[in-house]
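The structure appears below as structure tokens.
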Amino acid sequence: MSPNEAGSSSWDAIVIGSGIGGLVCAGYLAAFGRRVLVLEQHDVAGGNCHMFRRRRSYEFDIGVHYLGDCGPGGLLPSLLAGLGVGDRVRFRRLDPDGFDRIVLPGLRFDVPEGWSKYGDRLLETFPAEAAGLQEYLAICGEIAAAARYSASARPVLGNSAAVVRWSRRSLSRLFDHCGLSAAVRTVLAAQSGNYASSPANTVVAAHIRMLDDYLTGGAYYPEGGGQMLAAALVEQLETHGGQLRTKARAARILIEHGRAVGVELADGDVLRAPLVVSNADYRRTVLELCGGRENLPEGIVRRTEDAVMRLPLVTSYAVVDTELVEASEANIWYWPSGDVESAYARTESGQFDELPFVFISSASHKDPGNPAVCPPGYTNLQIMTACPPGYEQWGVADGPASGLRYRRVAEYRAAKEKLAACLLDRAEEVLGPFRDRIVYLESATPLTQERYTLATGGAAYGLQSWGPHGRRPDVRTDVEGLFVAGQDIHGGGVVGAAVGGAQCAEAILDRPVLAEAYDGAVFADRALLPERGHDWDPLRISRGQARRDARGFAPTAR
């Protein structure tokens with residue numbers, strides 16, 4: 001045994017990465033009696049469910065701006081309930097008559113719940129294109145029904161002609177087929193920022209699945225923010241014999257004679273287990289953690305090398321010392337050019353001078369009962385856009401995952417400040433002037449995303465393509481005892497990542513836990529869960545027991 005080798009028989013499974021997919025998978029394994037260790041390279045669990053604090057007065061969500069299908073019996077609540085923590089995360093329903101607001105020059109479209117109401121509002125807004133819209137909506141309805149049943153692990157309804165013909169074709173081809181104008185296409189694809197890829201590079205099924213979560217299941221926001229999801233899952237893991245270890249970066253998955261046998265950490269420690277689950281970025285899993293062709297088939301490695309990531313994002317986090325009248329609980333999607341396809345084409349080609357869109361979310365409106373978001377009478381904003389892939393526009397040749405210290409690079413700082421100013425310019429076109437009322441402002445780039453999550457190129461939504469026709473990796477691998485989880489398996493976003501984690505647990509346990517949880521089964525022992533006192537803090541809980549009170553924690557009153 002190596003002198004750095006620890007706990008050779010301590011764990012039944014090791015999960016790399018504590019994003020929502022890794023935590024869901026680990027939670028189900030623990031609920032079935034497996035001793036599970038979750039490794040997280042950051043200081044806090046949660047991945048894109050993570051939130052951060054500033055000045056003990058403001059909280060900002062990284063990636064949770066709204067979630068679909070979180071009402072009673074919804075997919076994510078069912079997954080949480082199956083782990084015994086369904087009552088520990090409360091979801092607040094957003095305005096069913098307009099949870100998203102799409103803004104184009106001279107046009108505003110409020111997106112309502114319900115396919116029928118959505119269709120009626122589209123036809124009222126664009127009466128001259130009724131024929132094309134009706135065909136588009138009919139095709140979408142059939143695909144949505146099939147995708148809905150597939151996502152809940154139930155039998156897929158019969159493959160209709162629309163499902164067979166259109167589900168794996170690009171959204172642009174469907175727009176062309178229906179003869180839709182640029183304005184209609186932009187309204188229909190305005191929420192594509194939820195997965196950060198263009199209509200030309202998005203299969204119809206992926207877009208419809210995203211939209212159907214909200215139209216059919218409703219739009220919700222977790223009270224207390226996204227960190228509440230991670231904290232509840234950490235509580236369940238730890239009370240069922242598992243452990244979360246933060247600030248523990250995996251450097252290599254140990255593979256011996258075609259079988260996964262453990263993980264080597266960046267500090268040299270070796271942890272052994274007969275089962276390893278990687279919830280890390282899929283490219284990093286295959287090409288780095290597994291050693292590429294050294295341990296995996298040529299076809300898998302080549303497909304992963306050729307895979308394209310979704311566009312990375314830039315976000316500004318702002319607090320304004322007044323209540324902005326134009327801000328609301330509805331997300332705002334502003335497309336300045338009014339042409340979604342040309343806007344994406346410019347961004348994908350590397351043009352950095354125009355923003356394709358601006359997404360504006362106000363946590364203080366979505367979660368008005370949370371005093372930690374900002375003081376009463378203030379407005380908490382997240383302002384986001386997509387940007388070109390690659391490091392060049394940031395003035396660096398590599399990313400922080402390789403150890404680059406980028407934050408003091410002059411070219412990086414200049415590019416970041418320029419883009420942050422553009423975000424504010426565009427946001428003021430929608431919300432009115434507020435720049436002089438900003439009391440806190442901070443911006444994050446793709447390099448920030450890569451630093452905290454190790455996502456390839458800082459792509460928050462993972463893989464755009466992995467082979468033809470929207471194909472995605474399977475939870476199983478060619479290495480015995482090695483599985484993968486997360487959004488690269490099922491699809492982007494919090495709910496997609498959670499489903500990917502549940503599907504991974506299903507494959508390991510050989511049991512349909514997703515469908516069973518959807519039907520009301522509870523696998524964890526709720527009596528084991530700890531009481532939450534008045535000083536309970538989701539950020540503190542999400543550091544793991546060993547580091548719960550370590551230096552660097554920023555408490556706040558709740």
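In the structure tokens, the first chain shown is A, the next is B, and so on; residue numbers restart at 1 for each chain, and ligands run from 1 in the order shown.
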
Contacts between range 516-540 of chain A and range 80-129 of chain A, please, where a residue of range 80-129 of chain A counts if it comes within 8 Å (with only C-alpha atoms); show its shortest atom pair and distance in Å to one decimal, rows by chain and ascending number, as JSON lines.
{"residue": "A:Ala81", "atom": "CA", "partner": "A:Val522", "partner_atom": "CA", "distance": 6.3}
{"residue": "A:Gly82", "atom": "CA", "partner": "A:Val522", "partner_atom": "CA", "distance": 4.1}
{"residue": "A:Leu83", "atom": "CA", "partner": "A:Ala524", "partner_atom": "CA", "distance": 5.0}
{"residue": "A:Gly84", "atom": "CA", "partner": "A:Arg526", "partner_atom": "CA", "distance": 5.1}
{"residue": "A:Val85", "atom": "CA", "partner": "A:Arg526", "partner_atom": "CA", "distance": 7.4}

Show which residues sit within 12 Å of Ala546 in chain A, as an NGL selection string. Count only C-alpha atoms, and ignore same-chain residues fewer than 2 positions away.
:A and (43-44 or 238 or 243-248 or 540-544 or 548-551)

So which residues of range 102-288 of chain A fall under alpha helix (DSSP H) by DSSP, listed as an mmCIF file with N, CA, C and O atoms, in the first residue's frame?
data_model
loop_
_atom_site.group_PDB
_atom_site.id
_atom_site.type_symbol
_atom_site.label_atom_id
_atom_site.label_comp_id
_atom_site.auth_asym_id
_atom_site.auth_seq_id
_atom_site.Cartn_x
_atom_site.Cartn_y
_atom_site.Cartn_z
ATOM 1 N N TRP A 115 -49.396 24.890 -22.795
ATOM 2 C CA TRP A 115 -49.162 24.931 -24.238
ATOM 3 C C TRP A 115 -50.297 25.637 -24.964
ATOM 4 O O TRP A 115 -50.074 26.376 -25.920
ATOM 5 N N SER A 116 -51.530 25.405 -24.522
ATOM 6 C CA SER A 116 -52.670 26.023 -25.193
ATOM 7 C C SER A 116 -52.623 27.544 -25.065
ATOM 8 O O SER A 116 -52.783 28.271 -26.060
ATOM 9 N N LYS A 117 -52.374 28.027 -23.858
ATOM 10 C CA LYS A 117 -52.327 29.469 -23.649
ATOM 11 C C LYS A 117 -51.115 30.079 -24.350
ATOM 12 O O LYS A 117 -51.199 31.178 -24.919
ATOM 13 N N TYR A 118 -50.016 29.363 -24.328
ATOM 14 C CA TYR A 118 -48.810 29.805 -25.025
ATOM 15 C C TYR A 118 -49.090 29.925 -26.523
ATOM 16 O O TYR A 118 -48.751 30.930 -27.165
ATOM 17 N N GLY A 119 -49.737 28.909 -27.091
ATOM 18 C CA GLY A 119 -50.060 28.950 -28.509
ATOM 19 C C GLY A 119 -51.016 30.074 -28.856
ATOM 20 O O GLY A 119 -50.834 30.774 -29.865
ATOM 21 N N ASP A 120 -52.027 30.259 -28.024
ATOM 22 C CA ASP A 120 -52.983 31.343 -28.282
ATOM 23 C C ASP A 120 -52.288 32.702 -28.266
ATOM 24 O O ASP A 120 -52.565 33.565 -29.115
ATOM 25 N N ARG A 121 -51.386 32.892 -27.334
ATOM 26 C CA ARG A 121 -50.701 34.180 -27.229
ATOM 27 C C ARG A 121 -49.768 34.397 -28.421
ATOM 28 O O ARG A 121 -49.617 35.521 -28.916
ATOM 29 N N LEU A 122 -49.147 33.327 -28.895
ATOM 30 C CA LEU A 122 -48.316 33.449 -30.097
ATOM 31 C C LEU A 122 -49.166 33.844 -31.304
ATOM 32 O O LEU A 122 -48.768 34.719 -32.094
ATOM 33 N N LEU A 123 -50.303 33.216 -31.455
ATOM 34 C CA LEU A 123 -51.166 33.510 -32.599
ATOM 35 C C LEU A 123 -51.743 34.922 -32.513
ATOM 36 O O LEU A 123 -51.914 35.588 -33.542
ATOM 37 N N GLU A 124 -52.012 35.396 -31.305
ATOM 38 C CA GLU A 124 -52.480 36.780 -31.144
ATOM 39 C C GLU A 124 -51.386 37.782 -31.492
ATOM 40 O O GLU A 124 -51.652 38.849 -32.048
ATOM 41 N N THR A 125 -50.148 37.417 -31.177
ATOM 42 C CA THR A 125 -49.023 38.329 -31.414
ATOM 43 C C THR A 125 -48.605 38.332 -32.870
ATOM 44 O O THR A 125 -48.206 39.376 -33.415
ATOM 45 N N ALA A 130 -50.000 32.569 -38.769
ATOM 46 C CA ALA A 130 -50.792 31.571 -38.052
ATOM 47 C C ALA A 130 -50.564 30.155 -38.589
ATOM 48 O O ALA A 130 -50.435 29.206 -37.810
ATOM 49 N N ALA A 131 -50.518 29.995 -39.898
ATOM 50 C CA ALA A 131 -50.385 28.645 -40.463
ATOM 51 C C ALA A 131 -49.082 27.990 -40.029
ATOM 52 O O ALA A 131 -49.060 26.834 -39.585
ATOM 53 N N GLY A 132 -47.977 28.722 -40.151
ATOM 54 C CA GLY A 132 -46.683 28.172 -39.753
ATOM 55 C C GLY A 132 -46.612 27.896 -38.265
ATOM 56 O O GLY A 132 -46.067 26.866 -37.824
ATOM 57 N N LEU A 133 -47.170 28.800 -37.465
ATOM 58 C CA LEU A 133 -47.148 28.601 -36.019
ATOM 59 C C LEU A 133 -47.999 27.401 -35.602
ATOM 60 O O LEU A 133 -47.617 26.641 -34.703
ATOM 61 N N GLN A 134 -49.135 27.215 -36.243
ATOM 62 C CA GLN A 134 -49.988 26.081 -35.889
ATOM 63 C C GLN A 134 -49.295 24.754 -36.194
ATOM 64 O O GLN A 134 -49.386 23.802 -35.407
ATOM 65 N N GLU A 135 -48.585 24.701 -37.323
ATOM 66 C CA GLU A 135 -47.848 23.466 -37.624
ATOM 67 C C GLU A 135 -46.728 23.254 -36.622
ATOM 68 O O GLU A 135 -46.511 22.143 -36.137
ATOM 69 N N TYR A 136 -46.011 24.325 -36.295
ATOM 70 C CA TYR A 136 -44.929 24.239 -35.313
ATOM 71 C C TYR A 136 -45.463 23.740 -33.973
ATOM 72 O O TYR A 136 -44.889 22.826 -33.359
ATOM 73 N N LEU A 137 -46.562 24.304 -33.505
ATOM 74 C CA LEU A 137 -47.115 23.931 -32.211
ATOM 75 C C LEU A 137 -47.636 22.494 -32.205
ATOM 76 O O LEU A 137 -47.515 21.791 -31.188
ATOM 77 N N ALA A 138 -48.182 22.044 -33.300
ATOM 78 C CA ALA A 138 -48.659 20.662 -33.373
ATOM 79 C C ALA A 138 -47.496 19.684 -33.255
ATOM 80 O O ALA A 138 -47.579 18.670 -32.533
ATOM 81 N N ILE A 139 -46.398 19.976 -33.961
ATOM 82 C CA ILE A 139 -45.212 19.121 -33.881
ATOM 83 C C ILE A 139 -44.640 19.133 -32.468
ATOM 84 O O ILE A 139 -44.300 18.086 -31.900
ATOM 85 N N CYS A 140 -44.559 20.318 -31.879
ATOM 86 C CA CYS A 140 -44.020 20.444 -30.522
ATOM 87 C C CYS A 140 -44.848 19.665 -29.516
ATOM 88 O O CYS A 140 -44.309 19.036 -28.599
ATOM 89 N N GLY A 141 -46.170 19.707 -29.678
ATOM 90 C CA GLY A 141 -47.040 19.015 -28.735
ATOM 91 C C GLY A 141 -46.781 17.523 -28.706
ATOM 92 O O GLY A 141 -46.752 16.900 -27.639
ATOM 93 N N GLU A 142 -46.591 16.921 -29.874
ATOM 94 C CA GLU A 142 -46.340 15.483 -29.932
ATOM 95 C C GLU A 142 -44.980 15.134 -29.326
ATOM 96 O O GLU A 142 -44.838 14.160 -28.592
ATOM 97 N N ILE A 143 -43.964 15.933 -29.633
ATOM 98 C CA ILE A 143 -42.627 15.667 -29.105
ATOM 99 C C ILE A 143 -42.599 15.890 -27.589
ATOM 100 O O ILE A 143 -41.965 15.132 -26.845
ATOM 101 N N ALA A 144 -43.298 16.922 -27.122
ATOM 102 C CA ALA A 144 -43.325 17.202 -25.683
ATOM 103 C C ALA A 144 -43.925 16.037 -24.906
ATOM 104 O O ALA A 144 -43.419 15.666 -23.841
ATOM 105 N N ALA A 145 -44.991 15.450 -25.424
ATOM 106 C CA ALA A 145 -45.625 14.327 -24.730
ATOM 107 C C ALA A 145 -44.664 13.152 -24.620
ATOM 108 O O ALA A 145 -44.541 12.523 -23.560
ATOM 109 N N ALA A 146 -43.950 12.855 -25.705
ATOM 110 C CA ALA A 146 -42.994 11.740 -25.677
ATOM 111 C C ALA A 146 -41.836 12.036 -24.733
ATOM 112 O O ALA A 146 -41.420 11.190 -23.946
ATOM 113 N N ALA A 147 -41.307 13.252 -24.792
ATOM 114 C CA ALA A 147 -40.171 13.619 -23.939
ATOM 115 C C ALA A 147 -40.566 13.619 -22.477
ATOM 116 O O ALA A 147 -39.783 13.249 -21.605
ATOM 117 N N ARG A 148 -41.797 14.029 -22.184
ATOM 118 C CA ARG A 148 -42.265 14.099 -20.805
ATOM 119 C C ARG A 148 -42.283 12.717 -20.178
ATOM 120 O O ARG A 148 -41.827 12.523 -19.050
ATOM 121 N N TYR A 149 -42.773 11.745 -20.897
ATOM 122 C CA TYR A 149 -42.829 10.393 -20.349
ATOM 123 C C TYR A 149 -41.432 9.782 -20.254
ATOM 124 O O TYR A 149 -41.120 9.063 -19.313
ATOM 125 N N SER A 150 -40.574 10.098 -21.190
ATOM 126 C CA SER A 150 -39.216 9.571 -21.157
ATOM 127 C C SER A 150 -38.455 10.108 -19.962
ATOM 128 O O SER A 150 -37.725 9.395 -19.286
ATOM 129 N N ALA A 151 -38.633 11.407 -19.660
ATOM 130 C CA ALA A 151 -37.902 12.032 -18.560
ATOM 131 C C ALA A 151 -38.281 11.427 -17.221
ATOM 132 O O ALA A 151 -37.465 11.361 -16.298
ATOM 133 N N ALA A 161 -45.332 10.284 -36.272
ATOM 134 C CA ALA A 161 -44.549 10.749 -37.416
ATOM 135 C C ALA A 161 -43.748 11.996 -37.055
ATOM 136 O O ALA A 161 -42.588 12.156 -37.461
ATOM 137 N N ALA A 162 -44.342 12.886 -36.262
ATOM 138 C CA ALA A 162 -43.639 14.114 -35.870
ATOM 139 C C ALA A 162 -42.435 13.805 -34.995
ATOM 140 O O ALA A 162 -41.363 14.394 -35.152
ATOM 141 N N VAL A 163 -42.588 12.860 -34.068
ATOM 142 C CA VAL A 163 -41.480 12.486 -33.188
ATOM 143 C C VAL A 163 -40.348 11.889 -34.003
ATOM 144 O O VAL A 163 -39.175 12.263 -33.840
ATOM 145 N N VAL A 164 -40.670 10.973 -34.874
ATOM 146 C CA VAL A 164 -39.646 10.305 -35.680
ATOM 147 C C VAL A 164 -38.947 11.298 -36.605
ATOM 148 O O VAL A 164 -37.729 11.293 -36.737
ATOM 149 N N ARG A 165 -39.710 12.174 -37.236
ATOM 150 C CA ARG A 165 -39.132 13.068 -38.236
ATOM 151 C C ARG A 165 -38.349 14.220 -37.623
ATOM 152 O O ARG A 165 -37.297 14.592 -38.136
ATOM 153 N N TRP A 166 -38.843 14.780 -36.505
ATOM 154 C CA TRP A 166 -38.320 16.061 -36.066
ATOM 155 C C TRP A 166 -37.529 16.062 -34.758
ATOM 156 O O TRP A 166 -36.745 16.981 -34.511
ATOM 157 N N LEU A 171 -33.461 22.726 -34.537
ATOM 158 C CA LEU A 171 -34.565 23.663 -34.372
ATOM 159 C C LEU A 171 -34.656 24.595 -35.576
ATOM 160 O O LEU A 171 -35.756 24.964 -36.011
ATOM 161 N N SER A 172 -33.524 24.976 -36.142
ATOM 162 C CA SER A 172 -33.532 25.834 -37.335
ATOM 163 C C SER A 172 -34.254 25.175 -38.497
ATOM 164 O O SER A 172 -34.992 25.830 -39.244
ATOM 165 N N ARG A 173 -34.045 23.861 -38.671
ATOM 166 C CA ARG A 173 -34.709 23.159 -39.773
ATOM 167 C C ARG A 173 -36.221 23.149 -39.572
ATOM 168 O O ARG A 173 -36.982 23.264 -40.541
ATOM 169 N N LEU A 174 -36.655 23.019 -38.334
ATOM 170 C CA LEU A 174 -38.092 23.064 -38.071
ATOM 171 C C LEU A 174 -38.642 24.462 -38.354
ATOM 172 O O LEU A 174 -39.724 24.607 -38.945
ATOM 173 N N PHE A 175 -37.905 25.502 -37.970
ATOM 174 C CA PHE A 175 -38.328 26.868 -38.287
ATOM 175 C C PHE A 175 -38.448 27.057 -39.793
ATOM 176 O O PHE A 175 -39.415 27.658 -40.285
ATOM 177 N N ASP A 176 -37.452 26.544 -40.528
ATOM 178 C CA ASP A 176 -37.486 26.658 -41.989
ATOM 179 C C ASP A 176 -38.707 25.936 -42.557
ATOM 180 O O ASP A 176 -39.399 26.453 -43.448
ATOM 181 N N HIS A 177 -38.944 24.740 -42.061
ATOM 182 C CA HIS A 177 -40.063 23.937 -42.544
ATOM 183 C C HIS A 177 -41.394 24.670 -42.351
ATOM 184 O O HIS A 177 -42.282 24.611 -43.219
ATOM 185 N N CYS A 178 -41.517 25.380 -41.235
ATOM 186 C CA CYS A 178 -42.764 26.087 -40.930
ATOM 187 C C CYS A 178 -42.806 27.485 -41.532
ATOM 188 O O CYS A 178 -43.832 28.175 -41.420
ATOM 189 N N ALA A 182 -37.999 35.956 -38.822
ATOM 190 C CA ALA A 182 -36.936 36.125 -37.824
ATOM 191 C C ALA A 182 -37.514 36.494 -36.466
ATOM 192 O O ALA A 182 -37.063 36.000 -35.425
ATOM 193 N N ALA A 183 -38.527 37.350 -36.438
ATOM 194 C CA ALA A 183 -39.116 37.771 -35.159
ATOM 195 C C ALA A 183 -39.778 36.597 -34.445
ATOM 196 O O ALA A 183 -39.619 36.425 -33.228
ATOM 197 N N VAL A 184 -40.528 35.775 -35.187
ATOM 198 C CA VAL A 184 -41.178 34.620 -34.578
ATOM 199 C C VAL A 184 -40.134 33.624 -34.083
ATOM 200 O O VAL A 184 -40.239 33.094 -32.965
ATOM 201 N N ARG A 185 -39.119 33.373 -34.888
ATOM 202 C CA ARG A 185 -38.054 32.457 -34.470
ATOM 203 C C ARG A 185 -37.402 32.934 -33.177
ATOM 204 O O ARG A 185 -37.070 32.143 -32.294
ATOM 205 N N THR A 186 -37.214 34.227 -33.073
ATOM 206 C CA THR A 186 -36.553 34.777 -31.887
ATOM 207 C C THR A 186 -37.419 34.601 -30.656
ATOM 208 O O THR A 186 -36.929 34.232 -29.579
ATOM 209 N N VAL A 187 -38.712 34.832 -30.776
ATOM 210 C CA VAL A 187 -39.607 34.625 -29.636
ATOM 211 C C VAL A 187 -39.641 33.146 -29.248
ATOM 212 O O VAL A 187 -39.586 32.797 -28.064
ATOM 213 N N LEU A 188 -39.700 32.267 -30.237
ATOM 214 C CA LEU A 188 -39.771 30.831 -29.952
ATOM 215 C C LEU A 188 -38.477 30.307 -29.326
ATOM 216 O O LEU A 188 -38.513 29.379 -28.507
ATOM 217 N N ALA A 189 -37.349 30.874 -29.705
ATOM 218 C CA ALA A 189 -36.054 30.387 -29.208
ATOM 219 C C ALA A 189 -35.421 31.342 -28.213
ATOM 220 O O ALA A 189 -34.254 31.171 -27.848
ATOM 221 N N VAL A 204 -34.472 19.531 -31.850
ATOM 222 C CA VAL A 204 -35.815 19.966 -31.464
ATOM 223 C C VAL A 204 -36.225 19.381 -30.116
ATOM 224 O O VAL A 204 -36.785 20.072 -29.256
ATOM 225 N N ALA A 205 -35.915 18.106 -29.885
ATOM 226 C CA ALA A 205 -36.328 17.461 -28.638
ATOM 227 C C ALA A 205 -35.728 18.154 -27.421
ATOM 228 O O ALA A 205 -36.394 18.289 -26.389
ATOM 229 N N ALA A 206 -34.474 18.592 -27.515
ATOM 230 C CA ALA A 206 -33.829 19.255 -26.379
ATOM 231 C C ALA A 206 -34.519 20.582 -26.071
ATOM 232 O O ALA A 206 -34.749 20.921 -24.901
ATOM 233 N N HIS A 207 -34.843 21.343 -27.108
ATOM 234 C CA HIS A 207 -35.520 22.620 -26.885
ATOM 235 C C HIS A 207 -36.911 22.408 -26.309
ATOM 236 O O HIS A 207 -37.314 23.096 -25.357
ATOM 237 N N ILE A 208 -37.638 21.453 -26.859
ATOM 238 C CA ILE A 208 -39.008 21.217 -26.406
ATOM 239 C C ILE A 208 -39.021 20.678 -24.979
ATOM 240 O O ILE A 208 -39.885 21.039 -24.170
ATOM 241 N N ARG A 209 -38.053 19.831 -24.634
ATOM 242 C CA ARG A 209 -37.995 19.313 -23.265
ATOM 243 C C ARG A 209 -37.792 20.453 -22.276
ATOM 244 O O ARG A 209 -38.429 20.503 -21.221
ATOM 245 N N MET A 210 -36.887 21.382 -22.607
ATOM 246 C CA MET A 210 -36.664 22.527 -21.737
ATOM 247 C C MET A 210 -37.935 23.348 -21.585
ATOM 248 O O MET A 210 -38.364 23.678 -20.470
ATOM 249 N N LEU A 211 -38.576 23.676 -22.696
ATOM 250 C CA LEU A 211 -39.753 24.534 -22.659
ATOM 251 C C LEU A 211 -40.927 23.845 -21.973
ATOM 252 O O LEU A 211 -41.675 24.464 -21.206
ATOM 253 N N ASP A 212 -41.081 22.544 -22.221
ATOM 254 C CA ASP A 212 -42.206 21.810 -21.648
ATOM 255 C C ASP A 212 -42.128 21.739 -20.126
ATOM 256 O O ASP A 212 -43.159 21.712 -19.444
ATOM 257 N N ASP A 213 -40.912 21.712 -19.571
ATOM 258 C CA ASP A 213 -40.776 21.720 -18.115
ATOM 259 C C ASP A 213 -41.520 22.896 -17.500
ATOM 260 O O ASP A 213 -42.138 22.778 -16.436
ATOM 261 N N TYR A 214 -41.448 24.039 -18.174
ATOM 262 C CA TYR A 214 -42.084 25.251 -17.660
ATOM 263 C C TYR A 214 -43.552 25.364 -18.080
ATOM 264 O O TYR A 214 -44.416 25.730 -17.284
ATOM 265 N N LEU A 215 -43.841 25.068 -19.347
ATOM 266 C CA LEU A 215 -45.208 25.228 -19.835
ATOM 267 C C LEU A 215 -46.156 24.227 -19.192
ATOM 268 O O LEU A 215 -47.289 24.563 -18.835
ATOM 269 N N GLN A 227 -28.758 26.965 -3.136
ATOM 270 C CA GLN A 227 -27.957 26.258 -2.139
ATOM 271 C C GLN A 227 -28.804 25.375 -1.238
ATOM 272 O O GLN A 227 -28.316 24.406 -0.646
ATOM 273 N N MET A 228 -30.105 25.695 -1.152
ATOM 274 C CA MET A 228 -31.002 24.870 -0.350
ATOM 275 C C MET A 228 -31.072 23.439 -0.888
ATOM 276 O O MET A 228 -31.193 22.485 -0.106
ATOM 277 N N LEU A 229 -30.997 23.285 -2.202
ATOM 278 C CA LEU A 229 -31.010 21.955 -2.805
ATOM 279 C C LEU A 229 -29.790 21.164 -2.371
ATOM 280 O O LEU A 229 -29.890 20.019 -1.919
ATOM 281 N N ALA A 230 -28.620 21.777 -2.504
ATOM 282 C CA ALA A 230 -27.382 21.087 -2.149
ATOM 283 C C ALA A 230 -27.359 20.750 -0.665
ATOM 284 O O ALA A 230 -26.974 19.636 -0.271
ATOM 285 N N ALA A 231 -27.767 21.695 0.193
ATOM 286 C CA ALA A 231 -27.712 21.472 1.633
ATOM 287 C C ALA A 231 -28.603 20.305 2.054
ATOM 288 O O ALA A 231 -28.219 19.487 2.894
ATOM 289 N N ALA A 232 -29.807 20.234 1.486
ATOM 290 C CA ALA A 232 -30.711 19.137 1.828
ATOM 291 C C ALA A 232 -30.112 17.791 1.432
ATOM 292 O O ALA A 232 -30.206 16.798 2.177
ATOM 293 N N LEU A 233 -29.486 17.731 0.266
ATOM 294 C CA LEU A 233 -28.886 16.485 -0.199
ATOM 295 C C LEU A 233 -27.658 16.113 0.627
ATOM 296 O O LEU A 233 -27.405 14.929 0.869
ATOM 297 N N VAL A 234 -26.898 17.105 1.067
ATOM 298 C CA VAL A 234 -25.748 16.828 1.927
ATOM 299 C C VAL A 234 -26.219 16.275 3.271
ATOM 300 O O VAL A 234 -25.634 15.324 3.806
ATOM 301 N N GLU A 235 -27.280 16.856 3.820
ATOM 302 C CA GLU A 235 -27.837 16.344 5.076
ATOM 303 C C GLU A 235 -28.229 14.876 4.932
ATOM 304 O O GLU A 235 -27.936 14.046 5.804
ATOM 305 N N GLN A 236 -28.900 14.554 3.854
ATOM 306 C CA GLN A 236 -29.336 13.169 3.654
ATOM 307 C C GLN A 236 -28.129 12.235 3.498
ATOM 308 O O GLN A 236 -28.096 11.152 4.089
ATOM 309 N N LEU A 237 -27.142 12.665 2.728
ATOM 310 C CA LEU A 237 -25.954 11.840 2.519
ATOM 311 C C LEU A 237 -25.260 11.548 3.842
ATOM 312 O O LEU A 237 -24.944 10.390 4.160
ATOM 313 N N GLU A 238 -25.018 12.578 4.616
ATOM 314 C CA GLU A 238 -24.236 12.423 5.842
ATOM 315 C C GLU A 238 -24.976 11.632 6.917
ATOM 316 O O GLU A 238 -24.351 10.925 7.708
ATOM 317 N N THR A 239 -26.285 11.737 6.973
ATOM 318 C CA THR A 239 -27.037 10.987 7.976
ATOM 319 C C THR A 239 -27.276 9.538 7.570
ATOM 320 O O THR A 239 -27.764 8.745 8.375
ATOM 321 N N TYR A 282 -17.688 15.843 -18.573
ATOM 322 C CA TYR A 282 -17.466 14.566 -19.261
ATOM 323 C C TYR A 282 -16.144 14.548 -20.021
ATOM 324 O O TYR A 282 -15.417 13.542 -19.999
ATOM 325 N N ARG A 283 -15.813 15.640 -20.687
ATOM 326 C CA ARG A 283 -14.533 15.679 -21.406
ATOM 327 C C ARG A 283 -13.373 15.497 -20.441
ATOM 328 O O ARG A 283 -12.413 14.763 -20.716
ATOM 329 N N ARG A 284 -13.454 16.165 -19.299
ATOM 330 C CA ARG A 284 -12.374 16.044 -18.325
ATOM 331 C C ARG A 284 -12.325 14.622 -17.760
ATOM 332 O O ARG A 284 -11.249 14.092 -17.471
#

Could you name the residues that touch range 10-12 of chain A at 7 Å or less, counting only C-alpha atoms, but leaving out those on the same chain fewer than 2 positions away, as a PyMOL selection string?
chain A and resi 7-8+14+34-37+273-275

Could you list, as an MDAnalysis selection string, every residue within 10 Å of range 491-495 of chain A, counting only C-alpha atoms and ignoring same-chain residues fewer than 2 positions away?
chainID A and resid 19:21 47:49 63:64 66:70 75:77 79 151 194:196 206 209:210 213 226 229 310 460:464 472 486:489 497:501

Test item: residues at most 12 Å from Gly71 in chain A, only C-alpha atoms, excluding those fewer than 6 positions along its chain, as a PyMOL selection string
chain A and resi 77-78+86+89-94+213-214+216-222

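Across A:Arg101, A:Leu289, A:Asp367, A:Glu294, the tightest approach to Gly258 in chain A is made by A:Glu294 when counting only C-alpha atoms.
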